[in-house]
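Heads up, start06.cif below (mmCIF, C-alpha atoms):
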data_entry
#
loop_
_atom_site.group_PDB
_atom_site.id
_atom_site.type_symbol
_atom_site.label_atom_id
_atom_site.label_comp_id
_atom_site.auth_asym_id
_atom_site.auth_seq_id
_atom_site.Cartn_x
_atom_site.Cartn_y
_atom_site.Cartn_z
ATOM 1 C CA MET A 1 -24.779 -47.596 25.640
ATOM 2 C CA ILE A 2 -21.457 -47.922 23.789
ATOM 3 C CA GLU A 3 -23.201 -46.854 20.594
ATOM 4 C CA TRP A 4 -24.335 -43.617 22.260
ATOM 5 C CA ILE A 5 -20.820 -42.929 23.506
ATOM 6 C CA ILE A 6 -19.365 -43.534 20.030
ATOM 7 C CA LEU A 7 -22.066 -41.357 18.483
ATOM 8 C CA GLY A 8 -21.353 -38.622 21.053
ATOM 9 C CA VAL A 9 -17.614 -38.758 20.328
ATOM 10 C CA VAL A 10 -18.251 -38.593 16.564
ATOM 11 C CA VAL A 11 -20.603 -35.623 17.021
ATOM 12 C CA LEU A 12 -18.016 -33.851 19.202
ATOM 13 C CA ILE A 13 -15.312 -34.484 16.586
ATOM 14 C CA ILE A 14 -17.565 -33.126 13.845
ATOM 15 C CA ILE A 15 -18.444 -30.062 15.929
ATOM 16 C CA GLY A 16 -14.734 -29.533 16.669
ATOM 17 C CA LEU A 17 -13.859 -29.765 12.964
ATOM 18 C CA VAL A 18 -16.608 -27.303 12.028
ATOM 19 C CA ILE A 19 -15.447 -24.817 14.675
ATOM 20 C CA TRP A 20 -11.856 -25.225 13.508
ATOM 21 C CA ALA A 21 -12.834 -24.688 9.822
ATOM 22 C CA VAL A 22 -14.908 -21.621 10.724
ATOM 23 C CA SER A 23 -12.008 -20.142 12.681
ATOM 24 C CA ILE A 24 -9.684 -20.567 9.672
ATOM 25 C CA TYR A 25 -12.334 -19.053 7.402
ATOM 26 C CA ASN A 26 -12.725 -16.087 9.768
ATOM 27 C CA ARG A 27 -8.946 -15.590 9.960
ATOM 28 C CA PHE A 28 -8.711 -15.476 6.153
ATOM 29 C CA PHE A 29 -11.361 -12.793 5.942
ATOM 30 C CA SER A 30 -9.953 -10.860 8.864
ATOM 31 C CA LEU A 31 -6.608 -10.700 7.050
ATOM 32 C CA LYS A 32 -8.289 -9.872 3.730
ATOM 33 C CA ASN A 33 -10.224 -6.998 5.317
ATOM 34 C CA SER A 34 -7.073 -5.750 7.063
ATOM 35 C CA SER A 35 -5.198 -5.767 3.762
ATOM 36 C CA GLU A 36 -7.981 -3.808 2.048
ATOM 37 C CA ALA A 37 -8.050 -1.253 4.885
ATOM 38 C CA THR A 38 -4.281 -0.854 4.711
ATOM 39 C CA LEU A 39 -4.400 -0.451 0.928
ATOM 40 C CA GLY A 40 -7.000 2.253 1.504
ATOM 41 C CA GLN A 41 -4.600 4.045 3.849
ATOM 42 C CA ILE A 42 -1.826 3.756 1.264
ATOM 43 C CA ARG A 43 -4.134 5.214 -1.390
ATOM 44 C CA VAL A 44 -5.008 8.135 0.899
ATOM 45 C CA ALA A 45 -1.328 8.793 1.652
ATOM 46 C CA MET A 46 -0.360 8.548 -2.030
ATOM 47 C CA LYS A 47 -3.153 10.962 -2.942
ATOM 48 C CA LYS A 48 -1.890 13.352 -0.241
ATOM 49 C CA ARG A 49 1.610 13.099 -1.664
ATOM 50 C CA LEU A 50 0.340 13.774 -5.185
ATOM 51 C CA ASP A 51 -1.628 16.759 -3.846
ATOM 52 C CA MET A 52 1.575 18.083 -2.267
ATOM 53 C CA ILE A 53 3.495 17.546 -5.498
ATOM 54 C CA GLU A 54 0.778 19.438 -7.346
ATOM 55 C CA GLN A 55 1.113 22.289 -4.841
ATOM 56 C CA LEU A 56 4.896 22.191 -5.256
ATOM 57 C CA LEU A 57 4.397 22.426 -9.007
ATOM 58 C CA GLY A 58 2.332 25.539 -8.429
ATOM 59 C CA ALA A 59 5.015 27.051 -6.195
ATOM 60 C CA VAL A 60 7.803 26.145 -8.596
ATOM 61 C CA LYS A 61 6.187 27.180 -11.855
ATOM 62 C CA SER A 62 6.822 30.854 -11.219
ATOM 63 C CA TYR A 63 10.556 30.025 -11.214
ATOM 64 C CA ALA A 64 10.637 27.438 -13.961
ATOM 65 C CA LYS A 65 8.255 26.586 -16.753
ATOM 66 C CA PHE A 66 7.257 22.972 -16.153
ATOM 67 C CA GLU A 67 5.665 21.120 -19.015
ATOM 68 C CA LYS A 68 1.903 21.051 -19.012
ATOM 69 C CA GLU A 69 2.059 17.262 -19.223
ATOM 70 C CA THR A 70 3.674 17.005 -15.768
ATOM 71 C CA LEU A 71 0.660 18.627 -14.149
ATOM 72 C CA GLU A 72 -1.665 16.497 -16.272
ATOM 73 C CA ARG A 73 0.211 13.332 -15.226
ATOM 74 C CA VAL A 74 -0.055 14.244 -11.544
ATOM 75 C CA THR A 75 -3.775 14.895 -11.955
ATOM 76 C CA ALA A 76 -4.265 11.582 -13.774
ATOM 77 C CA MET A 77 -2.305 9.712 -11.093
ATOM 78 C CA ARG A 78 -4.428 11.279 -8.342
ATOM 79 C CA ALA A 79 -7.565 10.067 -10.095
ATOM 80 C CA SER A 80 -6.197 6.538 -10.575
ATOM 81 C CA VAL A 81 -5.030 5.998 -6.976
ATOM 82 C CA ALA A 82 -8.549 5.389 -5.639
ATOM 83 C CA THR A 83 -9.113 2.280 -7.742
ATOM 84 C CA ALA A 84 -5.542 1.097 -8.227
ATOM 85 C CA SER A 85 -4.553 -2.503 -7.597
ATOM 86 C CA PRO A 86 -1.331 -3.196 -5.698
ATOM 87 C CA GLY A 87 0.492 -3.528 -9.037
ATOM 88 C CA ASP A 88 -0.921 -0.216 -10.258
ATOM 89 C CA LEU A 89 0.083 1.431 -6.973
ATOM 90 C CA ASN A 90 3.642 0.279 -7.647
ATOM 91 C CA LYS A 91 3.546 2.131 -10.995
ATOM 92 C CA VAL A 92 2.036 5.290 -9.483
ATOM 93 C CA GLU A 93 4.694 5.188 -6.768
ATOM 94 C CA ALA A 94 7.524 5.026 -9.303
ATOM 95 C CA GLU A 95 6.104 7.813 -11.466
ATOM 96 C CA SER A 96 5.346 10.147 -8.551
ATOM 97 C CA ARG A 97 8.870 9.655 -7.178
ATOM 98 C CA SER A 98 10.254 10.560 -10.600
ATOM 99 C CA ILE A 99 8.217 13.771 -10.738
ATOM 100 C CA PHE A 100 9.175 14.649 -7.168
ATOM 101 C CA GLY A 101 12.840 14.103 -8.016
ATOM 102 C CA ARG A 102 12.581 16.528 -10.930
ATOM 103 C CA LEU A 103 10.919 19.078 -8.659
ATOM 104 C CA LEU A 104 13.815 18.753 -6.233
ATOM 105 C CA ALA A 105 16.262 19.331 -9.082
ATOM 106 C CA VAL A 106 14.436 22.550 -10.017
ATOM 107 C CA ALA A 107 14.511 23.687 -6.381
ATOM 108 C CA GLU A 108 18.275 23.063 -6.283
ATOM 109 C CA ASN A 109 18.792 25.346 -9.287
ATOM 110 C CA TYR A 110 16.874 28.313 -7.878
ATOM 111 C CA PRO A 111 18.286 29.699 -4.589
ATOM 112 C CA ASP A 112 15.235 31.892 -3.979
ATOM 113 C CA LEU A 113 13.027 28.851 -4.289
ATOM 114 C CA LYS A 114 15.120 26.846 -1.803
ATOM 115 C CA THR A 115 14.538 29.445 0.899
ATOM 116 C CA SER A 116 10.812 29.767 0.236
ATOM 117 C CA THR A 117 8.892 28.809 3.372
ATOM 118 C CA THR A 118 6.038 27.471 1.255
ATOM 119 C CA VAL A 119 8.327 25.137 -0.676
ATOM 120 C CA ASN A 120 10.146 24.038 2.478
ATOM 121 C CA SER A 121 6.873 23.376 4.264
ATOM 122 C CA LEU A 122 5.517 21.366 1.331
ATOM 123 C CA MET A 123 8.728 19.344 1.092
ATOM 124 C CA ASP A 124 8.574 18.557 4.810
ATOM 125 C CA SER A 125 4.968 17.455 4.340
ATOM 126 C CA VAL A 126 5.967 15.190 1.456
ATOM 127 C CA LYS A 127 8.682 13.648 3.657
ATOM 128 C CA ASN A 128 6.129 12.907 6.382
ATOM 129 C CA ILE A 129 3.814 11.352 3.833
ATOM 130 C CA GLU A 130 6.717 9.256 2.469
ATOM 131 C CA ASP A 131 7.210 7.903 5.992
ATOM 132 C CA GLU A 132 3.490 7.167 6.312
ATOM 133 C CA ILE A 133 3.450 5.305 2.985
ATOM 134 C CA ALA A 134 6.476 3.256 4.077
ATOM 135 C CA ARG A 135 4.764 2.278 7.350
ATOM 136 C CA GLN A 136 1.524 1.349 5.607
ATOM 137 C CA ARG A 137 3.391 -0.591 2.909
ATOM 138 C CA TYR A 138 5.232 -2.539 5.618
ATOM 139 C CA THR A 139 1.931 -3.324 7.368
ATOM 140 C CA TYR A 140 0.237 -4.370 4.118
ATOM 141 C CA ASN A 141 3.117 -6.661 3.145
ATOM 142 C CA ASN A 142 3.103 -8.282 6.609
ATOM 143 C CA ILE A 143 -0.638 -8.935 6.347
ATOM 144 C CA SER A 144 -0.127 -10.300 2.823
ATOM 145 C CA GLN A 145 2.651 -12.574 4.041
ATOM 146 C CA GLU A 146 0.455 -14.031 6.785
ATOM 147 C CA PHE A 147 -2.466 -14.486 4.377
ATOM 148 C CA ASN A 148 -0.243 -16.071 1.712
ATOM 149 C CA THR A 149 1.364 -18.374 4.285
ATOM 150 C CA MET A 150 -2.098 -19.595 5.240
ATOM 151 C CA MET A 151 -2.783 -20.178 1.530
ATOM 152 C CA ASP A 152 0.409 -22.254 1.268
ATOM 153 C CA THR A 153 0.217 -24.339 4.428
ATOM 154 C CA ILE A 154 -1.834 -27.358 5.324
ATOM 155 C CA PRO A 155 -4.655 -27.463 6.422
ATOM 156 C CA SER A 156 -5.693 -23.829 5.919
ATOM 157 C CA ASN A 157 -4.867 -24.008 2.210
ATOM 158 C CA PHE A 158 -7.689 -26.535 1.710
ATOM 159 C CA ILE A 159 -10.230 -24.108 3.131
ATOM 160 C CA GLY A 160 -8.748 -21.175 1.180
ATOM 161 C CA LYS A 161 -8.973 -23.119 -2.078
ATOM 162 C CA MET A 162 -12.495 -24.372 -1.292
ATOM 163 C CA ILE A 163 -13.772 -20.814 -0.934
ATOM 164 C CA GLY A 164 -11.820 -19.575 -3.973
ATOM 165 C CA LEU A 165 -9.287 -17.275 -2.335
ATOM 166 C CA LEU A 166 -6.173 -16.147 -4.191
ATOM 167 C CA LYS A 167 -2.849 -15.042 -2.772
ATOM 168 C CA LEU A 168 -2.436 -11.316 -2.105
ATOM 169 C CA GLU A 169 -0.012 -9.313 -4.224
ATOM 170 C CA TYR A 170 2.865 -7.644 -2.387
ATOM 171 C CA LEU A 171 3.642 -3.958 -2.799
ATOM 172 C CA GLN A 172 7.139 -3.675 -4.256
ATOM 173 C CA PHE A 173 7.927 0.017 -4.805
ATOM 174 C CA GLU A 174 11.331 -0.989 -6.183
ATOM 175 C CA GLU A 175 12.398 2.559 -7.004
ATOM 176 C CA ALA A 176 11.880 3.597 -3.379
ATOM 177 C CA ILE A 177 14.449 1.030 -2.327
ATOM 178 C CA LYS A 178 16.980 2.089 -4.971
ATOM 179 C CA SER A 179 16.792 5.849 -4.560
ATOM 180 C CA PRO A 180 14.781 7.492 -1.792
ATOM 181 C CA PRO A 181 13.984 11.132 -2.576
ATOM 182 C CA LYS A 182 16.274 13.787 -1.148
ATOM 183 C CA ILE A 183 14.208 16.403 0.550
ATOM 184 C CA GLU A 184 16.872 18.373 2.396
ATOM 185 C CA PHE A 185 19.025 20.892 0.577
#

Translate the structure described by the file into structure tokens.
Amino acid sequence: MIEWIILGVVVLIIIGLVIWAVSIYNRFFSLKNSSEATLGQIRVAMKKRLDMIEQLLGAVKSYAKFEKETLERVTAMRASVATASPGDLNKVEAESRSIFGRLLAVAENYPDLKTSTTVNSLMDSVKNIEDEIARQRYTYNNISQEFNTMMDTIPSNFIGKMIGLLKLEYLQFEEAIKSPPKIEF
């Protein structure tokens, strides 16, 4: 009888450990899927912003002759956003902010352009998209932090390493922290 009780306790412990390991496994993949969904939202928002910048270029080019390469760079960035890694998104972010800053400088130099409702509307749209990107970046980095903490702490790190998971890369967007774009005149 004692043997059956010991066997039952061992089986319950094993079942408990399996359920515990499965719950950690599921949490890892829940976080991984959340991070991928959030990155997708960031890509959509960045593409929207690049679309707006391209429209701003069109509105501005009648006032100032922008280099052909600026439009080509915006087009290339739009194409690369869909498949960009977090590190690549950091680069696209920095470059698109630089282009947007130059557009703002052109708008400052042309009073007629500053009062254009089209330009003002597009700049307001870019500001809203900037806010959306910031929110999504914050969400992504929080998800990454939780995932990476699980990868660093015992016992979840054993399961993460057993199934071959790697830490998630944070989105930095350093330039955004140093100099947010000025949208108001």

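A straight line drawn from atom CA of A:Thr38 to atom CA of A:Tyr140 is 5.8 Å long.
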
Practice item. Name the residues that the PyMOL selection byres ((chain A and resi 86) around 9) picks from the file above, as a ChimeraX atom specification, using the file's chain letters and numbers. Key: /A:39,84-85,87-91,168-172

**Study point:** For A:Glu54: contacts at 8 Å, all atoms listed in the file, fewer than 4 positions along chain excluded, given as a PyMOL selection string
**Key:** chain A and resi 50+58+71+74-75

Exercise for review: For the file shown, report as a PyMOL selection string the outcome of the PyMOL selection byres ((chain A and resi 149-160) around 12) at residue level.
Suggested key: chain A and resi 17-18+20-29+31-32+141-148+161-168

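Straight-line separation from atom CA of A:Leu12 to atom CA of A:Ser30: 26.5 Å.
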
Revision key, fill the gap. With distances taken over only C-alpha atoms, the candidate from A:Val92, A:Leu56, A:Arg97, A:Ile133 nearest A:Thr117 is A:Leu56

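The space separating atom CA of A:Asp131 from atom CA of A:Asp51 comes to 15.9 Å.
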
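For the residues A:Ala134, A:Ile129, A:Val9, A:Met52, ranking by smallest atom-to-atom distance to A:Phe100 using all atoms listed in the file places A:Met52 first.
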
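With distances restricted to only C-alpha atoms, A:Ala45 is the closest residue to A:Asn128 from A:Arg102, A:Gly16, A:Ala45, A:Trp4.
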
Enclose stretch 75-86 of chain A, meaning all of its atoms listed in the file, in a box aligned along x, y and z, pad it by 4 Å on each side, and list the centre and edge lengths in Å to one decimal, as AutoDock Vina command-line options.
--center_x -5.2 --center_y 5.8 --center_z -9.7 --size_x 15.8 --size_y 26.1 --size_z 16.1
